[in-house]
$ cat protein.tsv   # TSV, C-alpha atoms
chain	number	residue	atom	x	y	z
A	21	SER	CA	0.00	0.00	0.00
A	22	VAL	CA	0.97	3.63	-0.47
A	23	THR	CA	1.39	5.60	2.74
A	24	VAL	CA	1.54	9.38	2.76
A	25	GLU	CA	2.00	11.86	5.55
A	26	GLY	CA	-0.06	15.00	5.73
A	27	ASP	CA	-3.65	16.05	5.15
A	28	ASN	CA	-5.81	17.73	2.56
A	29	TYR	CA	-4.24	21.07	3.49
A	30	LEU	CA	-0.60	20.03	3.16
A	31	LEU	CA	-0.64	17.48	0.36
A	32	PRO	CA	-1.85	19.88	-2.36
A	33	GLN	CA	0.91	22.29	-1.41
A	34	GLN	CA	3.53	19.56	-1.59
A	35	THR	CA	2.17	18.48	-4.98
A	36	THR	CA	2.30	22.00	-6.37
A	37	LYS	CA	5.86	22.49	-5.09
A	38	PHE	CA	6.82	19.39	-7.05
A	39	LEU	CA	5.05	20.73	-10.15
A	40	LEU	CA	6.76	24.11	-9.93
A	41	LYS	CA	10.14	22.36	-9.73
A	42	ALA	CA	9.19	20.31	-12.77
A	43	LEU	CA	8.15	23.48	-14.60
A	44	ALA	CA	11.51	25.07	-13.82
A	45	GLY	CA	13.16	21.93	-15.15
A	46	VAL	CA	11.22	22.17	-18.41
A	47	ARG	CA	12.35	25.75	-18.92
A	48	ALA	CA	15.94	24.69	-18.21
A	49	GLY	CA	15.71	21.93	-20.81
A	50	GLN	CA	15.72	19.11	-18.29
A	51	PRO	CA	13.56	15.94	-18.51
A	52	VAL	CA	10.36	15.90	-16.48
A	53	PRO	CA	8.60	13.00	-14.71
A	54	ASP	CA	6.03	11.04	-16.68
A	55	SER	CA	3.16	12.27	-14.50
A	56	CYS	CA	3.66	15.89	-15.63
A	57	GLN	CA	4.92	15.51	-19.19
A	58	TYR	CA	2.18	17.94	-20.18
A	59	LEU	CA	4.36	20.77	-18.87
A	60	SER	CA	6.75	20.18	-21.76
A	61	LYS	CA	4.01	21.31	-24.14
A	62	LEU	CA	3.91	24.82	-22.73
A	63	SER	CA	5.00	27.44	-25.24
A	64	PRO	CA	8.79	27.86	-25.01
A	65	ASP	CA	8.42	31.61	-25.69
A	66	ARG	CA	7.47	32.43	-22.13
A	67	ASP	CA	7.62	36.21	-22.48
A	68	ALA	CA	5.66	36.51	-25.72
A	69	ALA	CA	2.94	33.94	-24.95
A	70	PRO	CA	0.13	34.34	-22.43
A	71	CYS	CA	0.52	32.48	-19.17
A	72	GLY	CA	0.06	28.79	-19.76
A	73	SER	CA	-0.19	28.99	-23.55
A	74	MET	CA	0.46	25.73	-25.34
A	75	SER	CA	2.52	25.18	-28.44
A	76	PRO	CA	0.48	25.79	-31.65
A	77	GLU	CA	0.25	22.06	-32.46
A	78	PHE	CA	-1.40	21.37	-29.09
A	79	GLN	CA	-4.91	22.63	-29.77
A	80	TRP	CA	-8.37	21.15	-29.35
A	81	SER	CA	-9.97	19.74	-32.48
A	82	PRO	CA	-13.33	17.99	-31.76
A	83	VAL	CA	-16.25	19.21	-33.86
A	84	SER	CA	-18.94	16.74	-32.71
A	85	PRO	CA	-19.73	14.83	-29.49
A	86	SER	CA	-18.60	11.54	-31.07
A	87	ASP	CA	-15.11	12.99	-31.61
A	88	LEU	CA	-14.60	12.66	-27.85
A	89	ASP	CA	-15.02	8.89	-27.80
A	90	ASP	CA	-11.36	7.98	-28.20
A	91	GLY	CA	-10.63	9.91	-25.00
A	92	GLN	CA	-7.55	11.74	-26.31
A	93	ALA	CA	-9.27	15.11	-26.69
A	94	LEU	CA	-10.50	14.93	-23.09
A	95	LEU	CA	-7.02	14.03	-21.87
A	96	ASP	CA	-5.56	16.93	-23.86
A	97	ALA	CA	-8.06	19.31	-22.26
A	98	LEU	CA	-7.19	18.19	-18.73
A	99	ALA	CA	-3.48	18.38	-19.56
A	100	HIS	CA	-3.90	21.95	-20.79
A	101	ARG	CA	-5.88	22.90	-17.70
A	102	ALA	CA	-3.21	21.47	-15.39
A	103	ALA	CA	-0.36	23.15	-17.29
A	104	TYR	CA	-2.21	26.47	-17.36
A	105	LEU	CA	-2.87	26.43	-13.63
A	106	VAL	CA	0.68	25.39	-12.71
A	107	ALA	CA	2.12	28.13	-14.90
A	108	SER	CA	-0.35	30.61	-13.40
A	109	VAL	CA	0.82	29.78	-9.88
A	110	GLY	CA	4.43	30.28	-10.90
A	111	LEU	CA	3.68	33.62	-12.51
A	112	ARG	CA	1.67	34.81	-9.51
A	113	LEU	CA	4.44	33.94	-7.08
A	114	GLU	CA	6.99	35.79	-9.20
A	115	LYS	CA	4.83	38.91	-9.37
A	116	LEU	CA	4.19	38.95	-5.64
A	117	VAL	CA	7.89	38.58	-4.86
A	118	GLU	CA	9.41	40.77	-7.57
A	119	GLU	CA	6.79	43.48	-8.00
A	120	GLN	CA	5.28	43.72	-4.51
A	121	GLY	CA	8.39	42.87	-2.53
A	122	ARG	CA	6.82	40.05	-0.53
A	123	SER	CA	8.83	37.18	0.84
A	124	LEU	CA	8.38	33.79	-0.82
A	125	HIS	CA	6.54	32.56	2.28
A	126	GLU	CA	4.13	35.50	2.16
A	127	ALA	CA	3.58	35.04	-1.56
A	128	TRP	CA	2.90	31.34	-1.04
A	129	GLN	CA	0.37	31.96	1.72
A	130	ALA	CA	-1.39	34.52	-0.48
A	131	SER	CA	-1.73	31.97	-3.30
A	132	LEU	CA	-3.21	28.95	-1.52
A	133	MET	CA	-6.40	28.91	-3.61
A	134	GLU	CA	-4.41	28.83	-6.85
A	135	ILE	CA	-2.06	26.21	-5.41
A	136	ASN	CA	-4.97	23.93	-4.50
A	137	ARG	CA	-6.54	24.29	-7.95
A	138	ALA	CA	-3.25	23.44	-9.68
A	139	SER	CA	-2.75	20.36	-7.53
A	140	THR	CA	-6.33	19.18	-8.14
A	141	ALA	CA	-6.01	19.65	-11.91
A	142	HIS	CA	-2.77	17.65	-11.96
A	143	CYS	CA	-4.37	14.77	-10.03
A	144	GLU	CA	-7.48	14.73	-12.22
A	145	PHE	CA	-5.34	14.57	-15.37
A	146	ASN	CA	-3.42	11.59	-14.00
A	147	LEU	CA	-6.59	9.85	-12.84
A	148	LEU	CA	-8.03	10.01	-16.35
A	149	ARG	CA	-4.75	9.01	-17.97
A	150	ASN	CA	-4.34	5.97	-15.70
A	151	PHE	CA	-8.01	5.05	-16.13
A	152	GLN	CA	-7.59	5.09	-19.91
A	153	ARG	CA	-4.43	2.99	-19.74
A	154	TYR	CA	-6.12	0.39	-17.56
A	155	VAL	CA	-9.21	0.11	-19.73
A	156	VAL	CA	-7.11	-0.67	-22.80
A	157	SER	CA	-5.51	-3.71	-21.17
A	158	ALA	CA	-8.14	-4.68	-18.58
A	159	PRO	CA	-8.34	-8.49	-18.12
A	160	CYS	CA	-12.09	-8.77	-18.63
A	161	SER	CA	-14.73	-9.74	-21.15
A	162	PRO	CA	-15.52	-7.47	-24.13
A	163	GLU	CA	-18.87	-6.61	-22.52
A	164	THR	CA	-17.24	-5.50	-19.28
A	165	ALA	CA	-14.55	-3.61	-21.20
A	166	HIS	CA	-17.28	-1.69	-23.03
A	167	VAL	CA	-18.85	-0.61	-19.73
A	168	LEU	CA	-15.45	0.44	-18.36
A	169	GLN	CA	-14.84	2.50	-21.48
A	170	SER	CA	-18.16	4.26	-20.98
A	171	LEU	CA	-17.31	5.01	-17.34
A	172	CYS	CA	-13.86	6.30	-18.33
A	173	LEU	CA	-15.39	8.55	-20.97
A	174	LEU	CA	-17.99	9.72	-18.47
A	175	TYR	CA	-15.29	10.66	-15.96
A	176	GLY	CA	-13.35	12.57	-18.61
A	177	CYS	CA	-16.38	14.53	-19.81
A	178	TRP	CA	-17.41	15.30	-16.23
A	179	ARG	CA	-14.00	16.66	-15.25
A	180	VAL	CA	-13.67	18.75	-18.42
A	181	ASP	CA	-17.13	20.19	-17.83
A	182	GLU	CA	-16.31	20.93	-14.18
A	183	GLY	CA	-13.03	22.56	-15.21
A	184	ARG	CA	-14.50	24.59	-18.04
A	185	ALA	CA	-13.88	27.92	-16.31
A	186	GLU	CA	-10.10	27.52	-16.41
A	187	LEU	CA	-10.22	26.10	-19.94
A	188	LEU	CA	-12.30	29.02	-21.19
A	189	GLU	CA	-10.08	31.45	-19.32
A	190	ALA	CA	-7.00	29.93	-20.95
A	191	GLY	CA	-8.61	30.17	-24.38
A	192	PHE	CA	-8.27	26.43	-24.98
A	193	LEU	CA	-12.03	25.80	-25.24
A	194	SER	CA	-14.84	27.82	-26.71
A	195	ALA	CA	-18.48	27.89	-25.64
A	196	GLU	CA	-19.21	25.53	-28.55
A	197	HIS	CA	-16.62	23.08	-27.27
A	198	VAL	CA	-18.19	23.10	-23.82
A	199	GLU	CA	-21.58	22.28	-25.31
A	200	LEU	CA	-20.03	19.33	-27.21
A	201	VAL	CA	-18.74	17.95	-23.92
A	202	ARG	CA	-22.08	18.44	-22.19
A	203	GLU	CA	-23.99	16.78	-24.99
A	204	ARG	CA	-21.74	13.72	-24.82
A	205	LEU	CA	-22.06	13.75	-21.03
A	206	ARG	CA	-25.86	13.74	-21.23
A	207	ASN	CA	-25.87	10.83	-23.68
A	208	LEU	CA	-23.46	8.80	-21.56
A	209	LEU	CA	-25.56	9.30	-18.43
A	210	LEU	CA	-28.73	8.31	-20.26
A	211	ASP	CA	-27.13	5.18	-21.70
A	212	LEU	CA	-25.66	4.06	-18.38
A	213	ARG	CA	-28.89	4.76	-16.51
A	214	ASN	CA	-30.92	2.70	-19.00
A	215	THR	CA	-28.52	-0.24	-19.22
A	216	ASN	CA	-25.91	-0.79	-16.53
A	217	ALA	CA	-26.55	1.50	-13.54
A	218	LEU	CA	-28.02	-1.21	-11.30
A	219	ALA	CA	-25.44	-3.78	-12.33
A	220	LEU	CA	-22.62	-1.34	-11.56
A	221	VAL	CA	-23.99	-0.78	-8.06
A	222	ASP	CA	-24.44	-4.53	-7.49
A	223	ALA	CA	-20.88	-5.14	-8.72
A	224	TRP	CA	-19.61	-3.95	-5.34
A	225	GLU	CA	-21.35	-6.98	-3.80
A	226	PHE	CA	-22.17	-5.33	-0.51
A	227	ASP	CA	-24.43	-7.70	1.39
A	228	ASP	CA	-27.32	-6.69	3.65
A	229	ARG	CA	-25.22	-7.23	6.76
A	230	GLN	CA	-22.62	-4.72	5.56
A	231	LEU	CA	-25.17	-2.15	4.46
A	232	LYS	CA	-27.20	-2.36	7.66
A	233	SER	CA	-29.93	-0.43	5.92
A	234	ALA	CA	-33.23	-1.11	4.27
A	235	ILE	CA	-32.16	1.10	1.38
A	236	GLY	CA	-30.31	-0.94	-1.21
A	237	ARG	CA	-31.12	-4.34	0.28
A	238	TYR	CA	-30.68	-7.28	-2.06
A	239	ASP	CA	-34.34	-8.32	-2.41
A	240	GLY	CA	-35.47	-4.75	-3.15
A	241	ASN	CA	-38.19	-4.74	-0.46
A	242	VAL	CA	-37.25	-1.29	0.80
A	243	TYR	CA	-40.52	-0.08	2.28
A	244	GLU	CA	-41.46	-3.39	3.87
A	245	ALA	CA	-38.05	-3.49	5.56
A	246	LEU	CA	-38.37	0.10	6.81
A	247	LEU	CA	-41.77	-0.63	8.33
A	248	ASP	CA	-40.50	-3.84	9.92
A	249	ALA	CA	-37.50	-2.01	11.41
A	250	ALA	CA	-39.80	0.66	12.83
A	251	LYS	CA	-41.97	-2.00	14.47
A	252	LYS	CA	-38.95	-3.60	16.13
A	253	ASN	CA	-37.65	-0.33	17.54
A	254	PRO	CA	-38.41	-0.22	21.31
A	255	MET	CA	-39.21	3.46	21.00
A	256	ASN	CA	-42.24	2.49	18.94
A	257	THR	CA	-43.43	-0.28	21.25
A	258	GLU	CA	-43.10	1.32	24.68
A	259	LEU	CA	-44.66	4.51	25.97
A	260	HIS	CA	-42.13	6.90	27.49
A	261	GLU	CA	-44.50	9.60	28.71
A	262	ALA	CA	-42.17	10.78	31.48
A	263	ASP	CA	-39.33	11.33	29.03
A	264	TYR	CA	-41.65	13.22	26.68
A	265	LYS	CA	-42.83	15.57	29.44
A	266	ARG	CA	-39.28	16.24	30.60
A	267	THR	CA	-37.64	16.84	27.18
A	268	LEU	CA	-39.95	17.48	24.24
A	269	ARG	CA	-43.03	19.03	25.79
A	270	PRO	CA	-41.22	22.14	27.14
A	271	LEU	CA	-39.82	22.79	23.66
A	272	SER	CA	-43.27	22.79	22.09
A	273	GLY	CA	-44.53	25.52	24.39
A	274	ALA	CA	-47.65	23.48	25.08
A	275	ARG	CA	-49.33	23.98	28.41
A	276	PRO	CA	-50.60	21.01	30.40
A	277	ARG	CA	-54.36	20.67	30.45
A	278	LEU	CA	-56.11	20.90	33.80
$ encode --input "protein.tsv" --output "structure tokens"
Amino acid sequence: SVTVEGDNYLLPQQTTKFLLKALAGVRAGQPVPDSCQYLSKLSPDRDAAPCGSMSPEFQWSPVSPSDLDDGQALLDALAHRAAYLVASVGLRLEKLVEEQGRSLHEAWQASLMEINRASTAHCEFNLLRNFQRYVVSAPCSPETAHVLQSLCLLYGCWRVDEGRAELLEAGFLSAEHVELVRERLRNLLLDLRNTNALALVDAWEFDDRQLKSAIGRYDGNVYEALLDAAKKNPMNTELHEADYKRTLRPLSGARPRL
């Protein structure tokens, strides 16, 4: 198992520190780790290009919802988003230090929102990339592989749609592109809901003992189970008038009848 030290406040900062070091390595012509190869696609002309601009050959090309089905366009979008946000953090830190005279610690503390967004974008890119790699070689039947491909595509469309603000801000997507993603997202949800939603939930194989709830029980008798549980509850079989008078009645403001 993988063990990490820290929490949701520290880990994003550590991740972004790693990404900024990788970005500095790219600009110095050094190799970068596989997980952030997307940084190498940033425009080399740092001064002339807007923050986070990609090289001209790295542009989005889908013109219809079906063009998203191979997954590469979605991966490119998340890569651009991550690169844009990492570069934006670097530029912000430089401005705060060089133009406003703040210490690096002060600049860092003033940029925690941007740092968290960059770290999240990096993780989401790698989640989709690893998901796509697994689906290609998954040891399963063609039918199961098809469902996994749909889920992978669904995740990619969802994350691109959720990250549309940064992608529009960076100029990588247009409003028309966003609508393409949403249209494919709607169709995927409809297809999964009509075909495999229940099977995907049952695939976890949680039994009734683990669930400890009437909701989701194997035989589907939800309401009968809820009523039966209510009948077995001692609170519904014994009268606790003294407890009611001491606790609930004063809250209601009701006055005792003479």
$ residues_around --input "protein.tsv" --residues "stretch 213-227 of chain A" --least-positions-apart "6" --cutoff "9 Å" --atoms "all atoms listed in the file" --output "ChimeraX atom specification"
/A:167,237-238
$ axis_aligned_box --input "protein.tsv" --around "stretch 111-114 of chain A" --padding-each-side "6 Å" --output "JSON"
{"center_x": 4.3, "center_y": 34.7, "center_z": -9.8, "size_x": 17.3, "size_y": 14.2, "size_z": 17.4}
$ residues_around --input "protein.tsv" --residues "A:Leu208" --least-positions-apart "2" --cutoff "9 Å" --atoms "only C-alpha atoms" --output "list in words"
Ser170, Leu171, Leu173, Leu174, Glu203, Arg204, Leu205, Arg206, Leu210, Asp211, Leu212 and Arg213 of chain A
$ atom_distance --input "protein.tsv" --atom1 "atom CA of A:Arg179" --atom2 "atom CA of A:Ser60"
22.0 Å
$ atom_distance --input "protein.tsv" --atom1 "atom CA of A:Ser131" --atom2 "atom CA of A:Arg112"
7.6 Å
$ closest_residue --input "protein.tsv" --among "A:Leu111, A:Tyr58, A:Ser139, A:Val180" --to "A:Val46" --atoms "only C-alpha atoms"
A:Tyr58
$ residues_around --input "protein.tsv" --residues "stretch 104-107 of chain A" --least-positions-apart "4" --cutoff "9 Å" --atoms "only C-alpha atoms" --output "PyMOL selection string"
chain A and resi 36+39-40+43+59+62+71-74+99-100+111-112+134-135+137-139+141-142+186-187+190
$ write_last_selection --input "protein.tsv" --atoms "C-alpha atoms" --output "PDB file, keeping the file's coordinate frame"
ATOM      1  CA  THR A  36       2.300  22.000  -6.370  1.00  0.00           C
ATOM      2  CA  LEU A  39       5.050  20.730 -10.150  1.00  0.00           C
ATOM      3  CA  LEU A  40       6.760  24.110  -9.930  1.00  0.00           C
ATOM      4  CA  LEU A  43       8.150  23.480 -14.600  1.00  0.00           C
ATOM      5  CA  LEU A  59       4.360  20.770 -18.870  1.00  0.00           C
ATOM      6  CA  LEU A  62       3.910  24.820 -22.730  1.00  0.00           C
ATOM      7  CA  CYS A  71       0.520  32.480 -19.170  1.00  0.00           C
ATOM      8  CA  GLY A  72       0.060  28.790 -19.760  1.00  0.00           C
ATOM      9  CA  SER A  73      -0.190  28.990 -23.550  1.00  0.00           C
ATOM     10  CA  MET A  74       0.460  25.730 -25.340  1.00  0.00           C
ATOM     11  CA  ALA A  99      -3.480  18.380 -19.560  1.00  0.00           C
ATOM     12  CA  HIS A 100      -3.900  21.950 -20.790  1.00  0.00           C
ATOM     13  CA  LEU A 111       3.680  33.620 -12.510  1.00  0.00           C
ATOM     14  CA  ARG A 112       1.670  34.810  -9.510  1.00  0.00           C
ATOM     15  CA  GLU A 134      -4.410  28.830  -6.850  1.00  0.00           C
ATOM     16  CA  ILE A 135      -2.060  26.210  -5.410  1.00  0.00           C
ATOM     17  CA  ARG A 137      -6.540  24.290  -7.950  1.00  0.00           C
ATOM     18  CA  ALA A 138      -3.250  23.440  -9.680  1.00  0.00           C
ATOM     19  CA  SER A 139      -2.750  20.360  -7.530  1.00  0.00           C
ATOM     20  CA  ALA A 141      -6.010  19.650 -11.910  1.00  0.00           C
ATOM     21  CA  HIS A 142      -2.770  17.650 -11.960  1.00  0.00           C
ATOM     22  CA  GLU A 186     -10.100  27.520 -16.410  1.00  0.00           C
ATOM     23  CA  LEU A 187     -10.220  26.100 -19.940  1.00  0.00           C
ATOM     24  CA  ALA A 190      -7.000  29.930 -20.950  1.00  0.00           C
TER      25      ALA A 190
END
$ atom_distance --input "protein.tsv" --atom1 "atom CA of A:Pro85" --atom2 "atom CA of A:Glu189"
21.7 Å
$ closest_residue --input "protein.tsv" --among "A:Ser233, A:Asn146, A:Asn207, A:Gln152" --to "A:Asp54" --atoms "only C-alpha atoms"
A:Asn146
$ closest_residue --input "protein.tsv" --among "A:Thr140, A:Leu271, A:Ala234, A:Glu196" --to "A:Ala249" --atoms "only C-alpha atoms"
A:Ala234
$ closest_residue --input "protein.tsv" --among "A:Ser108, A:Ala195, A:Asp90, A:Tyr29" --to "A:Val156" --atoms "all atoms listed in the file"
A:Asp90
$ closest_residue --input "protein.tsv" --among "A:Gln34, A:Gln129, A:Asn253, A:Gln92" --to "A:Gly176" --atoms "only C-alpha atoms"
A:Gln92
$ residues_around --input "protein.tsv" --residues "A:Leu113" --least-positions-apart "5" --cutoff "8 Å" --atoms "only C-alpha atoms" --output "PyMOL selection string"
chain A and resi 124+127-128+131
$ decode --input "protein.tsv" --residues "stretch 40-54 of chain A" --atoms "N, CA, C and O atoms" --output "PDB file, in the first residue's frame"
ATOM      1  N   LEU A  40       5.995  22.908  -9.624  1.00  0.00           N
ATOM      2  CA  LEU A  40       6.762  24.115  -9.933  1.00  0.00           C
ATOM      3  C   LEU A  40       8.236  23.777 -10.189  1.00  0.00           C
ATOM      4  O   LEU A  40       8.882  24.386 -11.058  1.00  0.00           O
ATOM      5  N   LYS A  41       8.772  22.812  -9.460  1.00  0.00           N
ATOM      6  CA  LYS A  41      10.143  22.363  -9.727  1.00  0.00           C
ATOM      7  C   LYS A  41      10.240  21.719 -11.104  1.00  0.00           C
ATOM      8  O   LYS A  41      11.209  21.923 -11.842  1.00  0.00           O
ATOM      9  N   ALA A  42       9.206  20.934 -11.450  1.00  0.00           N
ATOM     10  CA  ALA A  42       9.187  20.307 -12.767  1.00  0.00           C
ATOM     11  C   ALA A  42       9.089  21.357 -13.865  1.00  0.00           C
ATOM     12  O   ALA A  42       9.739  21.248 -14.916  1.00  0.00           O
ATOM     13  N   LEU A  43       8.286  22.396 -13.625  1.00  0.00           N
ATOM     14  CA  LEU A  43       8.153  23.478 -14.599  1.00  0.00           C
ATOM     15  C   LEU A  43       9.484  24.203 -14.799  1.00  0.00           C
ATOM     16  O   LEU A  43       9.876  24.524 -15.928  1.00  0.00           O
ATOM     17  N   ALA A  44      10.188  24.445 -13.709  1.00  0.00           N
ATOM     18  CA  ALA A  44      11.509  25.075 -13.817  1.00  0.00           C
ATOM     19  C   ALA A  44      12.461  24.177 -14.593  1.00  0.00           C
ATOM     20  O   ALA A  44      13.289  24.654 -15.388  1.00  0.00           O
ATOM     21  N   GLY A  45      12.316  22.865 -14.403  1.00  0.00           N
ATOM     22  CA  GLY A  45      13.156  21.932 -15.150  1.00  0.00           C
ATOM     23  C   GLY A  45      12.867  21.965 -16.639  1.00  0.00           C
ATOM     24  O   GLY A  45      13.783  21.898 -17.468  1.00  0.00           O
ATOM     25  N   VAL A  46      11.595  22.083 -17.001  1.00  0.00           N
ATOM     26  CA  VAL A  46      11.222  22.174 -18.414  1.00  0.00           C
ATOM     27  C   VAL A  46      11.861  23.398 -19.052  1.00  0.00           C
ATOM     28  O   VAL A  46      12.432  23.329 -20.153  1.00  0.00           O
ATOM     29  N   ARG A  47      11.802  24.515 -18.371  1.00  0.00           N
ATOM     30  CA  ARG A  47      12.350  25.753 -18.920  1.00  0.00           C
ATOM     31  C   ARG A  47      13.877  25.729 -18.975  1.00  0.00           C
ATOM     32  O   ARG A  47      14.484  26.482 -19.729  1.00  0.00           O
ATOM     33  N   ALA A  48      14.483  24.837 -18.174  1.00  0.00           N
ATOM     34  CA  ALA A  48      15.939  24.692 -18.211  1.00  0.00           C
ATOM     35  C   ALA A  48      16.367  23.573 -19.158  1.00  0.00           C
ATOM     36  O   ALA A  48      17.561  23.247 -19.229  1.00  0.00           O
ATOM     37  N   GLY A  49      15.392  22.986 -19.865  1.00  0.00           N
ATOM     38  CA  GLY A  49      15.709  21.931 -20.813  1.00  0.00           C
ATOM     39  C   GLY A  49      15.953  20.573 -20.189  1.00  0.00           C
ATOM     40  O   GLY A  49      16.533  19.689 -20.822  1.00  0.00           O
ATOM     41  N   GLN A  50      15.501  20.381 -18.976  1.00  0.00           N
ATOM     42  CA  GLN A  50      15.715  19.112 -18.288  1.00  0.00           C
ATOM     43  C   GLN A  50      14.507  18.193 -18.495  1.00  0.00           C
ATOM     44  O   GLN A  50      13.388  18.664 -18.733  1.00  0.00           O
ATOM     45  N   PRO A  51      14.698  16.876 -18.394  1.00  0.00           N
ATOM     46  CA  PRO A  51      13.563  15.944 -18.514  1.00  0.00           C
ATOM     47  C   PRO A  51      12.626  16.084 -17.319  1.00  0.00           C
ATOM     48  O   PRO A  51      13.050  16.465 -16.224  1.00  0.00           O
ATOM     49  N   VAL A  52      11.356  15.798 -17.553  1.00  0.00           N
ATOM     50  CA  VAL A  52      10.358  15.903 -16.480  1.00  0.00           C
ATOM     51  C   VAL A  52       9.755  14.535 -16.224  1.00  0.00           C
ATOM     52  O   VAL A  52       9.746  13.665 -17.102  1.00  0.00           O
ATOM     53  N   PRO A  53       9.238  14.292 -15.025  1.00  0.00           N
ATOM     54  CA  PRO A  53       8.600  12.997 -14.709  1.00  0.00           C
ATOM     55  C   PRO A  53       7.420  12.719 -15.620  1.00  0.00           C
ATOM     56  O   PRO A  53       6.787  13.643 -16.158  1.00  0.00           O
ATOM     57  N   ASP A  54       7.112  11.453 -15.782  1.00  0.00           N
ATOM     58  CA  ASP A  54       6.034  11.045 -16.683  1.00  0.00           C
ATOM     59  C   ASP A  54       4.698  11.642 -16.277  1.00  0.00           C
ATOM     60  O   ASP A  54       3.866  11.970 -17.123  1.00  0.00           O
TER      61      ASP A  54
END
